[in-house]
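Coordinates as given in coords-v1.cif (mmCIF, C-alpha atoms and all ligand atoms):
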```cif
data_final
loop_
_atom_site.group_PDB
_atom_site.id
_atom_site.type_symbol
_atom_site.label_atom_id
_atom_site.label_comp_id
_atom_site.auth_asym_id
_atom_site.auth_seq_id
_atom_site.Cartn_x
_atom_site.Cartn_y
_atom_site.Cartn_z
ATOM 1 C CA MET A 1 -2.883 19.998 -1.501
ATOM 2 C CA LEU A 2 -5.757 21.225 0.636
ATOM 3 C CA PHE A 3 -9.277 20.592 -0.548
ATOM 4 C CA ASP A 4 -12.082 22.814 0.704
ATOM 5 C CA VAL A 5 -15.043 20.785 1.976
ATOM 6 C CA LYS A 6 -16.943 23.648 3.606
ATOM 7 C CA GLN A 7 -19.546 23.961 0.837
ATOM 8 C CA LEU A 8 -20.030 20.201 0.789
ATOM 9 C CA PHE A 9 -20.763 20.137 4.496
ATOM 10 C CA GLU A 10 -23.051 23.143 4.159
ATOM 11 C CA GLY A 11 -24.867 21.484 1.272
ATOM 12 C CA SER A 12 -24.423 24.353 -1.175
ATOM 13 C CA VAL A 13 -22.705 21.889 -3.500
ATOM 14 C CA THR A 14 -23.669 18.225 -3.685
ATOM 15 C CA SER A 15 -20.674 16.898 -5.518
ATOM 16 C CA ALA A 16 -17.116 18.001 -6.123
ATOM 17 C CA PRO A 17 -14.732 16.152 -8.406
ATOM 18 C CA VAL A 18 -11.111 15.738 -7.380
ATOM 19 C CA SER A 19 -8.137 14.915 -9.550
ATOM 20 C CA THR A 20 -4.622 15.325 -8.232
ATOM 21 C CA THR A 21 -1.063 14.135 -8.236
ATOM 22 C CA VAL A 22 -0.237 12.807 -4.800
ATOM 23 C CA ASP A 23 2.919 14.130 -3.175
ATOM 24 C CA THR A 24 4.617 10.901 -2.090
ATOM 25 C CA ALA A 25 7.914 12.450 -0.993
ATOM 26 C CA THR A 26 6.993 12.213 2.679
ATOM 27 C CA LEU A 27 5.852 8.581 2.589
ATOM 28 C CA SER A 28 9.319 6.967 2.770
ATOM 29 C CA LEU A 29 8.341 4.600 0.000
ATOM 30 C CA PRO A 30 11.232 5.025 -2.459
ATOM 31 C CA HIS A 31 9.795 2.467 -4.890
ATOM 32 C CA VAL A 32 6.704 4.611 -5.484
ATOM 33 C CA LYS A 33 7.475 6.542 -8.655
ATOM 34 C CA LYS A 34 4.200 8.295 -9.239
ATOM 35 C CA ALA A 35 0.758 8.436 -7.707
ATOM 36 C CA THR A 36 -2.361 10.138 -8.964
ATOM 37 C CA ALA A 37 -5.860 10.142 -7.565
ATOM 38 C CA SER A 38 -9.236 10.945 -8.990
ATOM 39 C CA GLY A 39 -12.762 10.634 -7.761
ATOM 40 C CA VAL A 40 -15.604 12.605 -6.339
ATOM 41 C CA PHE A 41 -16.811 13.992 -3.029
ATOM 42 C CA SER A 42 -20.587 13.832 -2.634
ATOM 43 C CA ASN A 43 -23.240 15.040 -0.276
ATOM 44 C CA HIS A 44 -26.178 12.632 -0.191
ATOM 45 C CA ALA A 45 -28.814 13.954 2.173
ATOM 46 C CA GLY A 46 -26.164 15.371 4.460
ATOM 47 C CA VAL A 47 -23.846 12.368 4.358
ATOM 48 C CA ILE A 48 -20.503 13.362 2.870
ATOM 49 C CA THR A 49 -18.556 10.650 1.126
ATOM 50 C CA ILE A 50 -15.486 10.312 -1.022
ATOM 51 C CA ASP A 51 -15.288 7.684 -3.724
ATOM 52 C CA ALA A 52 -11.940 7.756 -5.455
ATOM 53 C CA SER A 53 -9.171 5.651 -6.870
ATOM 54 C CA VAL A 54 -5.429 6.058 -6.441
ATOM 55 C CA THR A 55 -3.166 4.888 -9.258
ATOM 56 C CA VAL A 56 0.321 4.064 -8.023
ATOM 57 C CA ASP A 57 3.289 3.268 -10.250
ATOM 58 C CA ILE A 58 6.071 1.397 -8.540
ATOM 59 C CA ASP A 59 9.584 0.563 -9.654
ATOM 60 C CA THR A 60 11.345 -1.894 -7.406
ATOM 61 C CA VAL A 61 13.043 -5.282 -7.293
ATOM 62 C CA CYS A 62 11.454 -8.653 -6.605
ATOM 63 C CA ASP A 63 11.688 -9.496 -2.933
ATOM 64 C CA ARG A 64 13.009 -12.994 -3.732
ATOM 65 C CA CYS A 65 15.076 -12.837 -6.924
ATOM 66 C CA LEU A 66 15.949 -9.115 -7.203
ATOM 67 C CA THR A 67 14.650 -8.832 -10.776
ATOM 68 C CA GLN A 68 13.402 -5.353 -11.674
ATOM 69 C CA VAL A 69 9.640 -5.080 -11.224
ATOM 70 C CA GLN A 70 7.509 -2.241 -12.542
ATOM 71 C CA ARG A 71 3.862 -2.404 -11.707
ATOM 72 C CA ARG A 72 0.753 -0.301 -11.432
ATOM 73 C CA TYR A 73 -1.718 -0.588 -8.571
ATOM 74 C CA GLN A 74 -5.241 0.776 -8.379
ATOM 75 C CA LEU A 75 -6.340 1.399 -4.820
ATOM 76 C CA PRO A 76 -9.968 2.193 -4.072
ATOM 77 C CA VAL A 77 -10.661 4.976 -1.570
ATOM 78 C CA ARG A 78 -14.067 5.120 0.107
ATOM 79 C CA HIS A 79 -14.811 7.054 3.249
ATOM 80 C CA THR A 80 -17.601 8.880 4.974
ATOM 81 C CA LEU A 81 -16.446 12.294 6.118
ATOM 82 C CA VAL A 82 -17.422 13.534 9.549
ATOM 83 C CA ARG A 83 -16.614 16.672 11.439
ATOM 84 C CA LYS A 84 -13.950 16.036 14.021
ATOM 85 C CA LEU A 85 -15.578 15.361 17.329
ATOM 86 C CA GLN A 86 -14.201 16.372 20.677
ATOM 87 C CA SER A 87 -14.990 12.983 22.152
ATOM 88 C CA GLU A 88 -12.309 10.381 22.630
ATOM 89 C CA ASP A 89 -14.266 7.786 20.674
ATOM 90 C CA THR A 90 -12.197 6.213 17.976
ATOM 91 C CA LEU A 91 -14.096 5.899 14.754
ATOM 92 C CA SER A 92 -13.684 2.971 12.410
ATOM 93 C CA ASP A 93 -11.581 3.253 9.263
ATOM 94 C CA GLU A 94 -14.700 3.871 7.241
ATOM 95 C CA TYR A 95 -14.862 7.377 8.666
ATOM 96 C CA LEU A 96 -12.543 10.203 7.905
ATOM 97 C CA GLU A 97 -12.454 12.943 10.465
ATOM 98 C CA VAL A 98 -12.236 16.448 9.100
ATOM 99 C CA GLU A 99 -10.725 19.209 11.166
ATOM 100 C CA GLY A 100 -11.705 22.665 9.998
ATOM 101 C CA ASP A 101 -13.001 23.269 6.484
ATOM 102 C CA SER A 102 -10.445 21.456 4.390
ATOM 103 C CA ILE A 103 -8.726 18.139 4.092
ATOM 104 C CA ASP A 104 -5.181 17.450 3.047
ATOM 105 C CA LEU A 105 -5.448 15.290 -0.050
ATOM 106 C CA ASP A 106 -1.779 14.260 0.064
ATOM 107 C CA GLU A 107 -2.301 12.955 3.577
ATOM 108 C CA LEU A 108 -5.588 11.225 2.724
ATOM 109 C CA PHE A 109 -4.303 9.473 -0.386
ATOM 110 C CA GLY A 110 -0.819 8.954 1.068
ATOM 111 C CA THR A 111 -2.310 6.931 3.918
ATOM 112 C CA GLU A 112 -4.188 4.772 1.421
ATOM 113 C CA ILE A 113 -0.958 4.103 -0.459
ATOM 114 C CA VAL A 114 0.933 3.122 2.698
ATOM 115 C CA LEU A 115 -1.870 0.777 3.775
ATOM 116 C CA GLY A 116 -2.804 -0.481 0.337
ATOM 117 C CA LEU A 117 0.485 -1.548 -1.208
ATOM 118 C CA PRO A 118 1.729 -5.068 -0.427
ATOM 119 C CA ASN A 119 4.736 -5.276 1.891
ATOM 120 C CA LYS A 120 6.513 -7.696 -0.380
ATOM 121 C CA ILE A 121 6.442 -7.420 -4.121
ATOM 122 C CA LEU A 122 7.322 -10.500 -6.161
ATOM 123 C CA CYS A 123 8.048 -10.661 -9.903
ATOM 124 C CA ARG A 124 5.497 -13.476 -10.005
ATOM 125 C CA ASP A 125 3.603 -15.422 -7.378
ATOM 126 C CA ASP A 126 5.668 -18.580 -7.812
ATOM 127 C CA CYS A 127 9.059 -16.867 -8.024
ATOM 128 C CA LYS A 128 11.685 -19.462 -7.055
ATOM 129 C CA GLY A 129 14.140 -16.820 -5.866
ATOM 130 C CA LEU A 130 17.912 -16.928 -5.767
ATOM 131 C CA CYS A 131 19.833 -20.076 -4.916
ATOM 132 C CA PRO A 132 21.217 -19.570 -1.395
ATOM 133 C CA LYS A 133 24.301 -21.552 -2.352
ATOM 134 C CA CYS A 134 25.438 -20.206 -5.731
ATOM 135 C CA GLY A 135 23.291 -17.101 -6.004
ATOM 136 C CA CYS A 136 21.861 -17.865 -9.440
ATOM 137 C CA ASN A 137 18.301 -16.927 -10.342
ATOM 138 C CA ARG A 138 16.388 -20.179 -10.063
ATOM 139 C CA ASN A 139 13.619 -18.904 -12.333
ATOM 140 C CA GLU A 140 16.135 -18.818 -15.183
ATOM 141 C CA HIS A 141 18.054 -22.035 -14.700
ATOM 142 C CA GLU A 142 18.354 -25.037 -12.464
ATOM 143 C CA CYS A 143 21.774 -24.821 -10.910
ATOM 144 C CA GLY A 144 21.465 -28.275 -9.366
ATOM 145 C CA CYS A 145 22.923 -27.231 -6.048
ATOM 146 C CA VAL A 146 22.107 -29.639 -3.240
ATOM 147 C CA LEU A 147 20.643 -27.679 -0.410
ATOM 148 C CA LYS A 148 20.837 -29.573 2.834
ATOM 149 C CA GLU A 149 18.255 -28.604 5.371
ATOM 150 C CA THR A 150 20.029 -28.971 8.639
ATOM 151 C CA ASP A 151 17.566 -29.293 11.434
ATOM 152 C CA PRO A 152 19.394 -28.629 14.728
ATOM 153 C CA ARG A 153 17.289 -31.280 16.485
ATOM 154 C CA LEU A 154 18.254 -33.939 13.943
ATOM 155 C CA ALA A 155 21.898 -32.885 14.139
ATOM 156 C CA ALA A 156 21.802 -33.382 17.909
ATOM 157 C CA LEU A 157 20.188 -36.792 17.514
ATOM 158 C CA LYS A 158 22.792 -37.828 14.982
ATOM 159 C CA GLN A 159 25.555 -36.848 17.379
ATOM 160 C CA LEU A 160 24.017 -39.076 20.035
ATOM 161 C CA LEU A 161 23.679 -42.015 17.653
ATOM 162 C CA ASP A 162 27.251 -41.612 16.448
ATOM 163 C CA LYS A 163 28.637 -42.142 19.933
HETATM 164 ZN ZN ZN B 1 11.300 -12.914 -8.435
HETATM 165 ZN ZN ZN B 2 22.778 -22.923 -6.937
#
```
This structure in structure tokens:
Amino acid sequence: MLFDVKQLFEGSVTSAPVSTTVDTATLSLPHVKKATASGVFSNHAGVITIDASVTVDIDTVCDRCLTQVQRRYQLPVRHTLVRKLQSEDTLSDEYLEVEGDSIDLDELFGTEIVLGLPNKILCRDDCKGLCPKCGCNRNEHECGCVLKETDPRLAALKQLLDK
């Protein structure tokens, strides 16, 4: 969805609320089920800012034990909008360059989702994961499997000693 920022830059409006459903189809994040964003664009003495929050609902499996995980994330979005400059200078992440008179809200909020969600989602911080030997969920029961850590260096040393 395109959002017109012309009047904000011209100063004829000083604030413009925004509330939208973010199109996440292009993000290649299949675990994102729904994303909405709301906030406000403001013009304070010629400085245009956006202060918004993206609510993301995810439905995925724990990275360690494969249990279903459904969670909601709130991602803050704060930027200062500037007109796109011709110079090659790269601006910091604080700034959002605007080309023309509108910004693509799906692109703006989509980027925040990609950057803001954790790479690995766990059912809980201390998830014990699946047993590599028997495959049981070690959060649910102790299978008692003995997991030998074979260090290749120690194995080599043992071979030498055995001779
Ligand atoms: Zn887990
Ligand atoms: Zn086991």
What residues of the protein or nucleic acid chains come within 9 Å of ligand ZN 2 (chain B) when you use all atoms listed in the file? Reply as a ChimeraX atom specification. /A:130-138,142-147
If you count all atoms listed in the file, which residues end up within 12 Å of ligand ZN 1 (chain B), as a compact mmCIF listing (two decimals) with C-alpha atoms, in the frame of the given file?
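pocket-v1.txt was written with the following content:
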```
# COMPACT_ATOMS: atom_id res chain seq x y z
CA THR A 60 11.34 -1.89 -7.41
CA VAL A 61 13.04 -5.28 -7.29
CA CYS A 62 11.45 -8.65 -6.60
CA ASP A 63 11.69 -9.50 -2.93
CA ARG A 64 13.01 -12.99 -3.73
CA CYS A 65 15.08 -12.84 -6.92
CA LEU A 66 15.95 -9.12 -7.20
CA THR A 67 14.65 -8.83 -10.78
CA GLN A 68 13.40 -5.35 -11.67
CA VAL A 69 9.64 -5.08 -11.22
CA LYS A 120 6.51 -7.70 -0.38
CA ILE A 121 6.44 -7.42 -4.12
CA LEU A 122 7.32 -10.50 -6.16
CA CYS A 123 8.05 -10.66 -9.90
CA ARG A 124 5.50 -13.48 -10.01
CA ASP A 125 3.60 -15.42 -7.38
CA ASP A 126 5.67 -18.58 -7.81
CA CYS A 127 9.06 -16.87 -8.02
CA LYS A 128 11.68 -19.46 -7.06
CA GLY A 129 14.14 -16.82 -5.87
CA LEU A 130 17.91 -16.93 -5.77
CA CYS A 131 19.83 -20.08 -4.92
CA CYS A 136 21.86 -17.86 -9.44
CA ASN A 137 18.30 -16.93 -10.34
CA ARG A 138 16.39 -20.18 -10.06
CA ASN A 139 13.62 -18.90 -12.33
CA GLU A 140 16.14 -18.82 -15.18
```
Starting from the shown file, work through the PyMOL selection byres (((chain A and resi 77) around 10) and not hetatm) and note down what comes out as a JSON list (two decimals) with C-alpha atoms, in the frame of the given file.
```json
[["chain", "number", "residue", "atom", "x", "y", "z"],
["A", 37, "ALA", "CA", -5.86, 10.14, -7.56],
["A", 38, "SER", "CA", -9.24, 10.94, -8.99],
["A", 39, "GLY", "CA", -12.76, 10.63, -7.76],
["A", 50, "ILE", "CA", -15.49, 10.31, -1.02],
["A", 51, "ASP", "CA", -15.29, 7.68, -3.72],
["A", 52, "ALA", "CA", -11.94, 7.76, -5.46],
["A", 53, "SER", "CA", -9.17, 5.65, -6.87],
["A", 54, "VAL", "CA", -5.43, 6.06, -6.44],
["A", 74, "GLN", "CA", -5.24, 0.78, -8.38],
["A", 75, "LEU", "CA", -6.34, 1.40, -4.82],
["A", 76, "PRO", "CA", -9.97, 2.19, -4.07],
["A", 78, "ARG", "CA", -14.07, 5.12, 0.11],
["A", 79, "HIS", "CA", -14.81, 7.05, 3.25],
["A", 94, "GLU", "CA", -14.70, 3.87, 7.24],
["A", 108, "LEU", "CA", -5.59, 11.22, 2.72],
["A", 109, "PHE", "CA", -4.30, 9.47, -0.39],
["A", 112, "GLU", "CA", -4.19, 4.77, 1.42],
["A", 113, "ILE", "CA", -0.96, 4.10, -0.46],
["A", 116, "GLY", "CA", -2.80, -0.48, 0.34]]
```
Where does the PyMOL selection byres (((chain A and resi 31) around 7) and not hetatm) land in this file, that is, which residues does it pick, as a ChimeraX atom specification? /A:29-30,32-33,58-60
What is the distance between atom CA of A:Glu97 and atom CA of A:Val22, in Å to one decimal?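 About the pair atom CA of A:Glu97 and atom CA of A:Val22: they are 19.6 Å apart.
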Mind pulling up the distance from atom CA of A:Ala45 to atom CA of A:Arg83?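 Atom CA of A:Arg83 sits 15.6 Å away from atom CA of A:Ala45.
Comparing A:Val56, A:Ile103, A:Leu161, A:Ile48 by their smallest distance to A:Arg72, the closest is A:Val56 (using all atoms listed in the file).
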Counting all atoms listed in the file, the option among A:Asp57, A:Arg71, A:Gln7, A:Gly100 closest to A:Lys34: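 The answer is A:Asp57, which sits nearest to A:Lys34.
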Pick out the residues sitting within 10 Å of A:Ala16, and hand them over as an mmCIF file with C-alpha atoms, keeping the file's coordinate frame; count only C-alpha atoms, and ignore anything fewer than 6 positions along from it in its own chain.
```cif
data_model
loop_
_atom_site.group_PDB
_atom_site.id
_atom_site.type_symbol
_atom_site.label_atom_id
_atom_site.label_comp_id
_atom_site.auth_asym_id
_atom_site.auth_seq_id
_atom_site.Cartn_x
_atom_site.Cartn_y
_atom_site.Cartn_z
ATOM 1 C CA PHE A 3 -9.277 20.592 -0.548
ATOM 2 C CA ASP A 4 -12.082 22.814 0.704
ATOM 3 C CA VAL A 5 -15.043 20.785 1.976
ATOM 4 C CA GLN A 7 -19.546 23.961 0.837
ATOM 5 C CA LEU A 8 -20.030 20.201 0.789
ATOM 6 C CA GLY A 39 -12.762 10.634 -7.761
ATOM 7 C CA VAL A 40 -15.604 12.605 -6.339
ATOM 8 C CA PHE A 41 -16.811 13.992 -3.029
ATOM 9 C CA SER A 42 -20.587 13.832 -2.634
ATOM 10 C CA ASN A 43 -23.240 15.040 -0.276
ATOM 11 C CA ILE A 50 -15.486 10.312 -1.022
#
```
